[in-house]
Each structure stands twice: as structure tokens, then as C-alpha cells.
Amino acid sequence: MNEINGALSGLKIVACSTAQAGTVPYMLMADLGAEVIKIETPGKGDNNRSSGYLMGSTGSFFETNNRGVKSLTLNLKSDKGQKILHDLVKDADIFGQNFRPGVAEKLNFDYETLSKINPKIVYASVSAYGPDAPDGHLPGTDAVGQALSGIAEAYSIPGNNLRTGVASVADESCAILTFGGILAAYINAQKTGKGQKLETSLVGSAFRLLGWTMTTAMWSNKPPITGARINGTRERPGIAACFNDIDGKPFALQLDPDDWKEAMKELNFFDVLEKDNLIDLGLAFESDEKKTKILNKLAELFSTNKRDHWISILRNADMISTHVNTMLEASNDPNLKENNYVTEVWYPELNKNMKVHGTPWKFSKTPANIKRAPKLGEHNSELLNKLGYSDDEIQNLTEDKII
């Protein structure tokens with residue numbers, strides 16, 4: 001079977017990265033054909049190899065975030081291990097790391113060191129708080145990104161405590177922004193012959209994820225409307241909200257200001273709302289009490305029929321509405337499956353296909369190629385042979401616990 005020639009074929013990445021935000025950028029690049037060399041600790045490997053749901057010895061966390069990469073074990077506390085890393089960097093395009101601040105300098109893979117070895121290297125560094133933050137010296141996880149950025153309020157329900165969510169939005173948004181930033185720096189390096197250091201953070205990425213909602217909060221100096229979102233202005237309000245149907249199944253709708261009254265007519269809600277003096281959606285801007293009355297009345301009306309009925313009416317009127325899926329429902333939804341956002345990969349040790357993330361991209365000429373995550377040290381001999389090490393030398397490095 002011929003290897004798929006992905007959009008990033010020919011790109012070489014060396015990554016001393018773990019967790020999620022530090023690995024997903026390079027996993028995405030591996031999907032697109034790049035050679036990604038993941039550096040792991042000899043005998044132990046990435047701490048997350050057994051994280052998540054285990055199927056045999058395969059963990060859902062590591063598999064999701066490291067598929068398609070090559071595993072090379074190196075003792076980076078040793079001079080020989082550091083020399084191998086530096087040799088790999090000589091012809092690499094990108095280097096990535098997400099160790100806590102200070103570790104890269106201590107182990108000689110900081111930007112200043114590697115840029116002397118390869119001036120064109122694009123060096124990506126992911127941290128929790130950002131390089132210039134007062135707390136920048138501290139380690140952090142997805143929860144830090146969600147908590148500090150304001151994302152927790154986006155999950156909030158009026159009257160309940162703020163909380164972080166299950167979806168790793170800080171990790172994943174940081175990974176995607178790091179992916180894009182790396183490619184921007186790489187393009188610039190191709191033009192100028194000079195690489196540079198790119199720094200991203202969990203906090204900064206989650207903050208960016210709030211988009212225009214955060215801008216609105218900053219401009220108005222007021223907290224955003226959470227739960228059901230009635231936005232726009234008093235004169236031209238719109239709504240984005242979820243309601244339960246007669247069976248308690250949720251669906252979502254979003255109506256622009258020009259759609260509100262027409263939608264209520266199509267749904268046969270107009271007369272009821274007008275009778276109760278609730279047809280003016282702009283009342284929600286006058287008080288929380290009026291907003292609650294409108295939403296409660298809508299909830300009452302939508303609970304009289306099945307969600308497919310309401311979705312069909314709104315879609316036939318060219319308005320936006322869809323089902324609210326659970327995660328398992330989403331993984332079986334034809335809109336995700338037919339686009340290859342969900343796919344299956346053969347796991348020989350389990351003797352079956354397993355569902356995994358597909359690819360969010362659809363390239364017309366250079367499709368993504370979904371592979372397995374590597375076994376620990378699986379590519380030691382292959383990669384060291386390319387650097388000129390003989391089989392005997394590789395055996396000695398293994399016995400000395402360098403690899």
C-alpha cells in the first residue's frame with residue numbers, strides 16, 4: 001500500500017512534549033504527513049501512556065493525542081542523550097516543548113541553544129499562564145486555562161457556582177492555535193531563512209476562544225448573558241437557546257432579530273406570546289424577570305411536541321435549529337460520520353476496529369492519514385540508524401539507559 005502524500009509531507013518535527021496542548025499540534029501534523037519524532041523517557045515513556053480509558057495496554061488519552069508520531073526514547077539528563085537530540089534538530093523544521101519553565105534551559109533544549117544549532121528552527125513553547133504572566137513560573141492544566149480565562153462563566157447557569165467543563169477547551173484551543181502559529185512561523189522562516197520562538201498558553205488560548213462574547217463584556221463592563229443567550233440590542237434582539245421537547249430531549253435554535261416574530265408565527269406561538277405580552281423579545285434587556293418569563297413560556301410551548309417537529313418547522317422556514325447530542329450521540333451522528341470526523345482504526349492487539357477522531361480537514365489532493373500511536377521506543381533503531389549509529393552502538397546506548 002502506497003503511503004499517502006499528505007499536505008505536510010517532508011516536514012520534520014522533534015517534540016519534547018506531553019499532556020494534550022503539547023502533543024495535539026504535532027499529532028495533527030502527523031495526520032497530514034509530517035514526520036513527528038516524539039522524545040520519551042527510557043523505560044517509562046510519556047506519563048500519559050496509560051491515561052484515559054484502557055483497552056488492554058492502550059489508553060484513550062495517549063492514543064488520541066499521539067497517533068502517527070514516532071517514539072524515540074532519550075535520557076535528556078545525559079550528555080549523550082542531549083547530543084542525539086541536537087543531531088535531530090540540525091535538519092528539523094520545528095521543535096516543540098511544553099515542560100514547565102526552566103526545564104528546557106536546564107536540559108539544553110531551550111530556544112537559544114537550538115537556534116545556534118539550526119537558525120531556521122521554529123521553536124514552539126506551550127505553557128499554562130503565558131511567558132510574561134506573574135504566575136508564568138507555575139505548571140498548569142486545562143482546568144487552569146478554563147478557570148483563569150473566564151471560560152467557566154460560559155458554562156455557568158444563573159444561581160449556580162462557576163465551574164470548569166468536561167471538554168478540554170483550553171488544551172484543544174491552545175493546540176489548534178499552536179498548530180496555526182507554527183505554520184505561520186514556518187512560512188516566514190522559508191521566506192527569510194530565520195526561525196523564531198513561538199509561545200502560546202492555555203490561558204491565552206481559552207481567552208481567545210471567548211471571542212466576541214468577551215469583547216462585549218469588556219466594552220459594556222457587564223457580565224454576559226449566560227444560559228439562553230438573548231443578544232443584540234433592545235430594539236433588535238436575537239436569541240440562541242436550547243429547549244426540551246415533550247420527551248425531555250433537547251434541541252437548539254438561533255434566531256436573528258429579523259427572524260424572531262416570523263419564527264413565532266411559523267411555530268404557532270405568536271398569539272400565545274402576544275396575549276401574555278411577551279412577543280417583544282427586547283423585554284429581556286429590561287430585567288432578568290422579563291427574560292425569565294419569555295424563556296419559561298417558550299419552554300412550556302416547546303414541551304408540547306417532539307423536537308423533530310419543531311426543528312422541521314424552523315428549517316422549512318430557513319431558520320437555524322438542530323438536535324443537541326450527547327457525546328455518544330454525536331459519535332454516531334451521520335453529519336459527523338459522513339464527513340469523516342469520526343472514523344475507525346484497526347487495533348490488531350484487540351482484534352477489532354475502534355472508533356477514533358477522524359480529521360477536521362478535507363483536502364482535495366492531499367488527504368489526512370489516520371494512524372496508530374507508537375509503542376514506547378518503537379522507532380529507536382530507525383531514527384538512530386539515520387543519524388549514523390550502528391546496531392552495536394544502539395545496543396550500547398540501550399544498555400547504558402541513554403535510550
# chains A, B, ... in the order shown; residues from 1 in each chain; ligands from 1
$ residues_around --residues "A:Gly204" --least-positions-apart "2" --cutoff "9 Å" --atoms "only C-alpha atoms" --output "VMD selection string"
chain A and resid 128 to 130 145 149 170 174 200 to 202 206 to 209
$ write_last_selection --atoms "C-alpha atoms" --output "compact mmCIF listing (two decimals), in the first residue's frame"
# COMPACT_ATOMS: atom_id res chain seq x y z
CA ALA A 128 -0.14 27.33 31.27
CA TYR A 129 -0.20 31.05 32.05
CA GLY A 130 1.96 32.59 29.28
CA GLY A 145 -6.88 27.71 31.31
CA SER A 149 -9.65 32.90 31.20
CA ALA A 170 -8.21 25.24 26.89
CA CYS A 174 -4.21 26.01 22.59
CA THR A 200 1.29 30.02 23.38
CA SER A 201 -0.58 29.31 26.59
CA LEU A 202 -3.68 27.60 27.93
CA ALA A 206 -9.09 29.89 26.17
CA PHE A 207 -9.45 33.67 26.44
CA ARG A 208 -9.35 33.94 22.63
CA LEU A 209 -11.97 31.20 22.43
$ select_by_dssp --residues "stretch 138-363 of chain A" --states "helix (DSSP H, G or I)" --output "ChimeraX atom specification"
/A:142-149,151-154,169-192,202-209,211-220,260-266,270-275,281-285,288-302,307-316,327-332,334-337
$ residues_around --residues "A:Phe270" --least-positions-apart "5" --cutoff "7 Å" --atoms "only C-alpha atoms" --output "ChimeraX atom specification"
/A:264-265,279
$ write_last_selection --atoms "C-alpha atoms" --output "PDB file, in the first residue's frame"
ATOM      1  CA  MET A 264     -43.052  32.555  16.392  1.00  0.00           C
ATOM      2  CA  LYS A 265     -45.724  32.691  13.678  1.00  0.00           C
ATOM      3  CA  ILE A 279     -43.871  38.807  21.995  1.00  0.00           C
TER       4      ILE A 279
END
$ residues_around --residues "A:Ser115" --least-positions-apart "3" --cutoff "10 Å" --atoms "only C-alpha atoms" --output "number ranges by chain"
A: 89-90, 109-112, 118-123, 194-197
$ select_by_dssp --residues "stretch 295-393 of chain A" --states "strand (DSSP E)" --output "PyMOL selection string"
chain A and resi 320-323+342-347+352-357
$ closest_residue --among "A:Phe251, A:Glu382, A:Asn231, A:Gly238" --to "A:Ile394" --atoms "only C-alpha atoms"
A:Glu382
$ residues_around --residues "A:Leu11" --least-positions-apart "2" --cutoff "12 Å" --atoms "only C-alpha atoms" --output "compact mmCIF listing (two decimals) with C-alpha atoms, in the first residue's frame"
# COMPACT_ATOMS: atom_id res chain seq x y z
CA ASN A 5 1.32 12.07 0.50
CA GLY A 6 -0.17 14.48 3.00
CA ALA A 7 -0.14 18.27 2.83
CA LEU A 8 2.75 18.44 5.31
CA SER A 9 4.83 15.60 3.89
CA ILE A 13 9.25 17.91 13.80
CA VAL A 14 11.03 16.99 17.02
CA TYR A 26 2.14 17.60 16.25
CA MET A 29 0.79 17.49 11.64
CA ALA A 30 1.43 13.74 11.61
CA ASP A 31 -2.12 13.23 10.29
CA LEU A 32 -1.11 15.50 7.41
CA GLY A 33 2.06 13.60 6.57
CA ALA A 34 4.76 15.29 8.64
CA GLU A 35 7.46 13.20 10.32
CA VAL A 36 6.99 13.80 14.03
CA ILE A 37 9.63 12.44 16.41
CA ASP A 91 17.79 19.24 9.92
CA ALA A 92 14.43 19.63 11.65
CA ASP A 93 11.92 22.30 10.68
CA ILE A 94 10.09 22.53 14.01
CA PHE A 95 10.83 21.83 17.64
CA ILE A 121 14.22 26.15 13.50
CA VAL A 122 10.70 27.15 14.50
CA ILE A 182 3.84 27.12 13.95
CA LEU A 183 2.86 27.06 10.29
CA TYR A 186 7.49 28.17 9.28
CA ILE A 187 6.28 30.10 6.22
$ residues_around --residues "stretch 159-168 of chain A" --least-positions-apart "2" --cutoff "12 Å" --atoms "only C-alpha atoms" --output "PyMOL selection string"
chain A and resi 19-21+24+61+141-157+170-175+202+205-206+226-227+327
$ write_last_selection --atoms "N, CA, C and O atoms" --output "compact mmCIF listing (two decimals), in the first residue's frame"
# COMPACT_ATOMS: atom_id res chain seq x y z
N ALA A 19 1.21 15.64 27.77
CA ALA A 19 -0.13 16.16 28.03
C ALA A 19 -0.89 16.33 26.72
O ALA A 19 -0.70 15.57 25.78
N GLN A 20 -1.76 17.32 26.63
CA GLN A 20 -2.66 17.45 25.48
C GLN A 20 -2.29 18.63 24.60
O GLN A 20 -2.04 18.47 23.41
N ALA A 21 -2.25 19.83 25.18
CA ALA A 21 -1.90 21.01 24.38
C ALA A 21 -0.51 20.88 23.78
O ALA A 21 -0.22 21.44 22.73
N VAL A 24 -1.03 17.57 20.75
CA VAL A 24 -2.02 17.61 19.67
C VAL A 24 -1.55 18.41 18.44
O VAL A 24 -1.84 18.01 17.31
N PHE A 61 -6.32 8.38 26.10
CA PHE A 61 -5.70 9.71 26.12
C PHE A 61 -4.46 9.74 25.24
O PHE A 61 -4.35 10.58 24.33
N THR A 141 -2.80 23.03 34.03
CA THR A 141 -3.53 22.09 33.18
C THR A 141 -4.70 22.81 32.51
O THR A 141 -4.89 24.01 32.68
N ASP A 142 -5.50 22.03 31.80
CA ASP A 142 -6.68 22.58 31.13
C ASP A 142 -7.57 23.33 32.11
O ASP A 142 -8.13 24.38 31.77
N ALA A 143 -7.69 22.83 33.32
CA ALA A 143 -8.54 23.49 34.32
C ALA A 143 -8.07 24.91 34.62
O ALA A 143 -8.89 25.82 34.83
N VAL A 144 -6.76 25.12 34.62
CA VAL A 144 -6.21 26.46 34.83
C VAL A 144 -6.63 27.38 33.70
O VAL A 144 -7.06 28.52 33.92
N GLY A 145 -6.50 26.90 32.47
CA GLY A 145 -6.88 27.71 31.31
C GLY A 145 -8.34 28.10 31.35
O GLY A 145 -8.71 29.25 31.10
N GLN A 146 -9.20 27.15 31.68
CA GLN A 146 -10.64 27.43 31.75
C GLN A 146 -10.96 28.39 32.90
O GLN A 146 -11.73 29.33 32.75
N ALA A 147 -10.35 28.14 34.05
CA ALA A 147 -10.70 28.90 35.24
C ALA A 147 -10.25 30.35 35.14
O ALA A 147 -11.01 31.27 35.48
N LEU A 148 -9.03 30.58 34.67
CA LEU A 148 -8.48 31.94 34.69
C LEU A 148 -8.98 32.79 33.53
O LEU A 148 -9.08 34.01 33.64
N SER A 149 -9.32 32.16 32.41
CA SER A 149 -9.65 32.90 31.20
C SER A 149 -11.06 33.47 31.19
O SER A 149 -11.37 34.37 30.40
N GLY A 150 -11.94 32.95 32.05
CA GLY A 150 -13.34 33.36 32.02
C GLY A 150 -14.25 32.34 31.36
O GLY A 150 -15.47 32.50 31.35
N ILE A 151 -13.66 31.28 30.82
CA ILE A 151 -14.46 30.24 30.16
C ILE A 151 -15.50 29.65 31.11
O ILE A 151 -16.61 29.29 30.70
N ALA A 152 -15.15 29.54 32.39
CA ALA A 152 -16.07 28.91 33.35
C ALA A 152 -17.43 29.60 33.34
O ALA A 152 -18.47 28.96 33.52
N GLU A 153 -17.45 30.92 33.13
CA GLU A 153 -18.73 31.64 33.11
C GLU A 153 -19.58 31.23 31.91
O GLU A 153 -20.81 31.26 31.97
N ALA A 154 -18.91 30.84 30.83
CA ALA A 154 -19.66 30.42 29.65
C ALA A 154 -20.44 29.13 29.90
O ALA A 154 -21.46 28.88 29.27
N TYR A 155 -19.96 28.31 30.85
CA TYR A 155 -20.67 27.08 31.21
C TYR A 155 -21.72 27.31 32.29
O TYR A 155 -22.48 26.41 32.62
N SER A 156 -21.74 28.49 32.84
CA SER A 156 -22.50 28.71 34.07
C SER A 156 -24.01 28.76 33.85
O SER A 156 -24.49 29.09 32.77
N ILE A 157 -24.72 28.42 34.90
CA ILE A 157 -26.17 28.53 34.95
C ILE A 157 -26.48 29.53 36.06
O ILE A 157 -25.93 29.43 37.16
N ALA A 170 -9.47 24.49 26.81
CA ALA A 170 -8.21 25.24 26.89
C ALA A 170 -7.09 24.47 26.20
O ALA A 170 -6.33 25.02 25.40
N ASP A 171 -6.99 23.18 26.49
CA ASP A 171 -5.97 22.34 25.85
C ASP A 171 -6.13 22.33 24.34
O ASP A 171 -5.17 22.52 23.58
N GLU A 172 -7.34 22.03 23.89
CA GLU A 172 -7.55 21.85 22.45
C GLU A 172 -7.44 23.17 21.68
O GLU A 172 -6.88 23.21 20.58
N SER A 173 -7.97 24.26 22.25
CA SER A 173 -7.83 25.55 21.55
C SER A 173 -6.38 25.98 21.51
O SER A 173 -5.91 26.51 20.50
N CYS A 174 -5.63 25.70 22.58
CA CYS A 174 -4.21 26.01 22.59
C CYS A 174 -3.47 25.19 21.53
O CYS A 174 -2.61 25.72 20.82
N ALA A 175 -3.83 23.92 21.43
CA ALA A 175 -3.19 23.06 20.43
C ALA A 175 -3.44 23.56 19.01
O ALA A 175 -2.51 23.61 18.18
N LEU A 202 -2.32 28.07 27.69
CA LEU A 202 -3.68 27.60 27.93
C LEU A 202 -4.61 28.76 28.23
O LEU A 202 -5.73 28.83 27.72
N SER A 205 -5.19 31.02 25.06
CA SER A 205 -5.99 30.36 24.03
C SER A 205 -7.45 30.28 24.44
O SER A 205 -8.35 30.52 23.62
N ALA A 206 -7.70 29.94 25.70
CA ALA A 206 -9.09 29.89 26.17
C ALA A 206 -9.72 31.27 26.16
O ALA A 206 -10.91 31.42 25.84
N THR A 226 -25.70 34.43 30.36
CA THR A 226 -25.36 33.01 30.29
C THR A 226 -26.63 32.19 30.22
O THR A 226 -27.73 32.68 30.39
N GLY A 227 -26.45 30.89 29.98
CA GLY A 227 -27.62 30.04 29.75
C GLY A 227 -28.17 30.36 28.36
O GLY A 227 -27.43 30.40 27.38
N MET A 327 -22.39 13.11 23.87
CA MET A 327 -21.15 12.75 23.18
C MET A 327 -21.30 11.45 22.40
O MET A 327 -20.82 11.33 21.26
